[in-house]
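Enquirer: Supplied in structure tokens, the structure appears directly below.
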Amino acid sequence: MKAVAGKRDRDQEREAQHWIETVIGEKFPAGHVYEDCLRDGILLCRLMNRLSPGIVPKINTSGGDYKMMDNINQFQKACIKYGVADVDLFQTTDLWDRKNVALVTTTIFAVGRACYKHPEFRGPYLGPRPAEENRREFTEEQLRAGEGLIGLQAGSNKGATQAGLNFGATRKILLGK
């Protein structure tokens, strides 16, 4: 657990916490650690409902561990519906067992970036705006001009011959045997 904790970026966690607090309009409970405030999934579900009302139909505010873990699962499903790529999502155990809190923060930033795709959301945003497609059109002549060039990505190709290369023993041909 100590090795994973080294990957955490406390500044990003503070930025993510501030963004969540601003969007949902309430502060994290005082005296609690970042991951402990998120662990039951309630704040994460409230965040998603603020971004897209009703996307999380029922938030479990009481009950056992399974109810709280269900909140995390509902948050993850809401993220996918909202447009967050599933590769950007953390696993439930990453947060519940505090195994990879850095990935939880990465998911929150992914949600913040997904907000840019929703014109109905007026901000604040978290993280940089995602890149747009930059499609280019080439003429047939431009495409043909590139075919004659030899790429020098691996270095120079001048004087590249196999002259003088000898590997292993020379071949001996014995006649008459």
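Scheme for the structure tokens: letters A, B, ... for chains in order shown; per-chain residue numbers from 1; ligand numbers from 1 in order shown.
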Find the spatial neighbours of Ala110 in chain A, counting only C-alpha atoms, within a cut-off of 8 Å - ignore same-chain residues fewer than 4 positions away - and output them as a VMD selection string.

Expert: chain A and resid 84 88 106 114 127

Enquirer: Within 10 Å of Lys27 in chain A, counting only C-alpha atoms, which residues qualify if same-chain residues fewer than 5 places away don't, as number ranges by chain?

Expert: A: 17-18, 20-22, 43

Enquirer: Residues of the last selection are to be written out with N, CA and C atoms, as a PDB file, in the first residue's frame.

Expert:
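Once everything was written out, this is out_12.pdb:
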```
ATOM      1  N   GLN A  17     -11.005  17.923  -5.083  1.00  0.00           N
ATOM      2  CA  GLN A  17     -11.896  18.155  -3.942  1.00  0.00           C
ATOM      3  C   GLN A  17     -12.575  19.517  -4.061  1.00  0.00           C
ATOM      4  N   HIS A  18     -11.799  20.533  -4.392  1.00  0.00           N
ATOM      5  CA  HIS A  18     -12.357  21.887  -4.539  1.00  0.00           C
ATOM      6  C   HIS A  18     -13.412  21.913  -5.647  1.00  0.00           C
ATOM      7  N   ILE A  20     -15.274  19.363  -6.768  1.00  0.00           N
ATOM      8  CA  ILE A  20     -16.476  18.645  -6.313  1.00  0.00           C
ATOM      9  C   ILE A  20     -17.277  19.529  -5.361  1.00  0.00           C
ATOM     10  N   GLU A  21     -16.586  20.151  -4.409  1.00  0.00           N
ATOM     11  CA  GLU A  21     -17.273  21.022  -3.442  1.00  0.00           C
ATOM     12  C   GLU A  21     -17.990  22.173  -4.148  1.00  0.00           C
ATOM     13  N   THR A  22     -17.363  22.745  -5.154  1.00  0.00           N
ATOM     14  CA  THR A  22     -17.960  23.861  -5.884  1.00  0.00           C
ATOM     15  C   THR A  22     -19.190  23.408  -6.670  1.00  0.00           C
ATOM     16  N   LEU A  43     -20.891  11.394  -2.082  1.00  0.00           N
ATOM     17  CA  LEU A  43     -20.496  12.650  -2.719  1.00  0.00           C
ATOM     18  C   LEU A  43     -20.303  12.473  -4.226  1.00  0.00           C
TER      19      LEU A  43
END
```

Enquirer: Extract the full set of helix (DSSP H, G or I) residues from range 6-176 of chain A according to DSSP on the backbone, and format it as a PyMOL selection string.

Expert: chain A and resi 10-24+34-38+42-51+65-82+86-88+92-96+101-117+140-147

Enquirer: Taking only residues of range 52-115 of chain A that have an atom at most 10 Å from an atom of range 11-14 of chain A, what is each one's shortest atom pair and its distance in Å to one decimal, using only C-alpha atoms, in chain and number order, as JSON lines?

Expert:
```
{"residue": "A:Val101", "atom": "CA", "partner": "A:Glu13", "partner_atom": "CA", "distance": 9.1}
{"residue": "A:Ala102", "atom": "CA", "partner": "A:Glu13", "partner_atom": "CA", "distance": 8.2}
{"residue": "A:Val104", "atom": "CA", "partner": "A:Glu13", "partner_atom": "CA", "distance": 9.3}
{"residue": "A:Thr105", "atom": "CA", "partner": "A:Glu13", "partner_atom": "CA", "distance": 6.2}
{"residue": "A:Thr106", "atom": "CA", "partner": "A:Gln12", "partner_atom": "CA", "distance": 8.7}
{"residue": "A:Ile108", "atom": "CA", "partner": "A:Glu13", "partner_atom": "CA", "distance": 9.3}
{"residue": "A:Phe109", "atom": "CA", "partner": "A:Gln12", "partner_atom": "CA", "distance": 8.8}
```

Enquirer: Write the residues of the selection above to a file with C-alpha atoms, as a compact mmCIF listing (two decimals), in the first residue's frame.

Expert:
```txt
# COMPACT_ATOMS: atom_id res chain seq x y z
CA VAL A 101 -6.54 6.62 -4.70
CA ALA A 102 -4.50 8.24 -7.50
CA VAL A 104 -9.81 7.72 -8.24
CA THR A 105 -8.50 11.26 -8.71
CA THR A 106 -7.76 10.50 -12.37
CA ILE A 108 -12.64 12.63 -11.23
CA PHE A 109 -10.48 14.61 -13.67
```

Enquirer: Would you mind listing what lies within 7 Å of Leu126 in chain A as an MDAnalysis selection string, with only C-alpha atoms counted and same-chain residues fewer than 2 positions away left out?

Expert: chainID A and resid 19 109 112:113 124 128

Enquirer: Please produce an output containing N, CA, C and O atoms for each residue in the selection, written as a compact mmCIF listing (two decimals), in the first residue's frame.

Expert:
```txt
# COMPACT_ATOMS: atom_id res chain seq x y z
N TRP A 19 -13.13 21.23 -6.75
CA TRP A 19 -14.08 21.19 -7.86
C TRP A 19 -15.38 20.51 -7.45
O TRP A 19 -16.48 21.02 -7.72
N PHE A 109 -10.94 13.70 -12.62
CA PHE A 109 -10.48 14.61 -13.67
C PHE A 109 -11.11 14.24 -15.02
O PHE A 109 -11.43 15.13 -15.82
N GLY A 112 -14.43 15.67 -15.07
CA GLY A 112 -14.30 17.11 -15.30
C GLY A 112 -14.07 17.44 -16.76
O GLY A 112 -14.62 18.41 -17.28
N ARG A 113 -13.28 16.62 -17.46
CA ARG A 113 -13.04 16.84 -18.89
C ARG A 113 -14.30 16.54 -19.70
O ARG A 113 -14.58 17.20 -20.70
N PRO A 124 -18.02 25.17 -13.00
CA PRO A 124 -16.60 25.18 -13.35
C PRO A 124 -16.16 23.85 -13.96
O PRO A 124 -16.80 22.83 -13.74
N PRO A 128 -7.88 20.15 -18.49
CA PRO A 128 -7.85 20.82 -19.79
C PRO A 128 -8.98 20.37 -20.71
O PRO A 128 -9.50 19.27 -20.56
```

Enquirer: Counting only C-alpha atoms, which of A:Arg10, A:Arg144, A:Arg129, A:Arg39 gets nearest to Asp94 in chain A?

Expert: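 Ranked by minimum distance to Asp94 in chain A, first place goes to A:Arg39.
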
Enquirer: Measuring atom to atom with only C-alpha atoms, identify which of A:Gln142, A:Leu38, A:Val111, A:Gly64 is nearest to Thr92 in chain A.

Expert: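 Looking only at the distances to Thr92 in chain A, the closest residue turns out to be A:Leu38.
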
Enquirer: Skip Phe75 in chain A itself and residues of its chain fewer than 6 positions away, then list as a PDB file with N, CA, C and O atoms, in the first residue's frame all residues within 8 Å of it, counting only C-alpha atoms.

Expert:
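Contents of result34.pdb, as written:
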```
ATOM      1  N   GLY A  41     -19.177   6.775  -1.570  1.00  0.00           N
ATOM      2  CA  GLY A  41     -19.748   7.036  -2.884  1.00  0.00           C
ATOM      3  C   GLY A  41     -20.864   8.073  -2.900  1.00  0.00           C
ATOM      4  O   GLY A  41     -21.342   8.448  -3.972  1.00  0.00           O
ATOM      5  N   LEU A  44     -19.775  11.326  -4.639  1.00  0.00           N
ATOM      6  CA  LEU A  44     -19.575  11.069  -6.062  1.00  0.00           C
ATOM      7  C   LEU A  44     -20.917  10.980  -6.791  1.00  0.00           C
ATOM      8  O   LEU A  44     -21.071  11.516  -7.891  1.00  0.00           O
ATOM      9  N   CYS A  45     -21.901  10.327  -6.182  1.00  0.00           N
ATOM     10  CA  CYS A  45     -23.235  10.230  -6.781  1.00  0.00           C
ATOM     11  C   CYS A  45     -23.911  11.602  -6.834  1.00  0.00           C
ATOM     12  O   CYS A  45     -24.574  11.942  -7.820  1.00  0.00           O
ATOM     13  N   MET A  48     -22.499  13.493  -9.779  1.00  0.00           N
ATOM     14  CA  MET A  48     -23.064  13.084 -11.068  1.00  0.00           C
ATOM     15  C   MET A  48     -24.493  13.588 -11.235  1.00  0.00           C
ATOM     16  O   MET A  48     -24.871  13.997 -12.334  1.00  0.00           O
ATOM     17  N   VAL A  56     -28.099   9.215 -11.443  1.00  0.00           N
ATOM     18  CA  VAL A  56     -28.010   8.195 -10.388  1.00  0.00           C
ATOM     19  C   VAL A  56     -29.384   8.174  -9.720  1.00  0.00           C
ATOM     20  O   VAL A  56     -29.725   9.086  -8.976  1.00  0.00           O
TER      21      VAL A  56
END
```

Enquirer: Tell me which protein, DNA and RNA residues are within 12 Å of Ile42 in chain A, counting only C-alpha atoms, leaving out same-chain ones fewer than 5 positions away, and put them as a list in words.

Expert: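 Selected residues are Ile20, Ile24, Phe28, Asp36, Cys37, Leu47, Met48, Asn49, Val56, Lys58, Ile59, Asn60, Thr61, Ser62, Lys67, Met68, Met69, Asp70, Asn71, Ile72, Asn73, Gln74 and Phe75 of chain A.
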
Enquirer: Quick check, in Å to one decimal: how far apart do CA of Pro130 in chain A and CA of Cys115 in chain A lie?

Expert: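 For CA of Pro130 in chain A relative to CA of Cys115 in chain A, the distance reads 9.9 Å.
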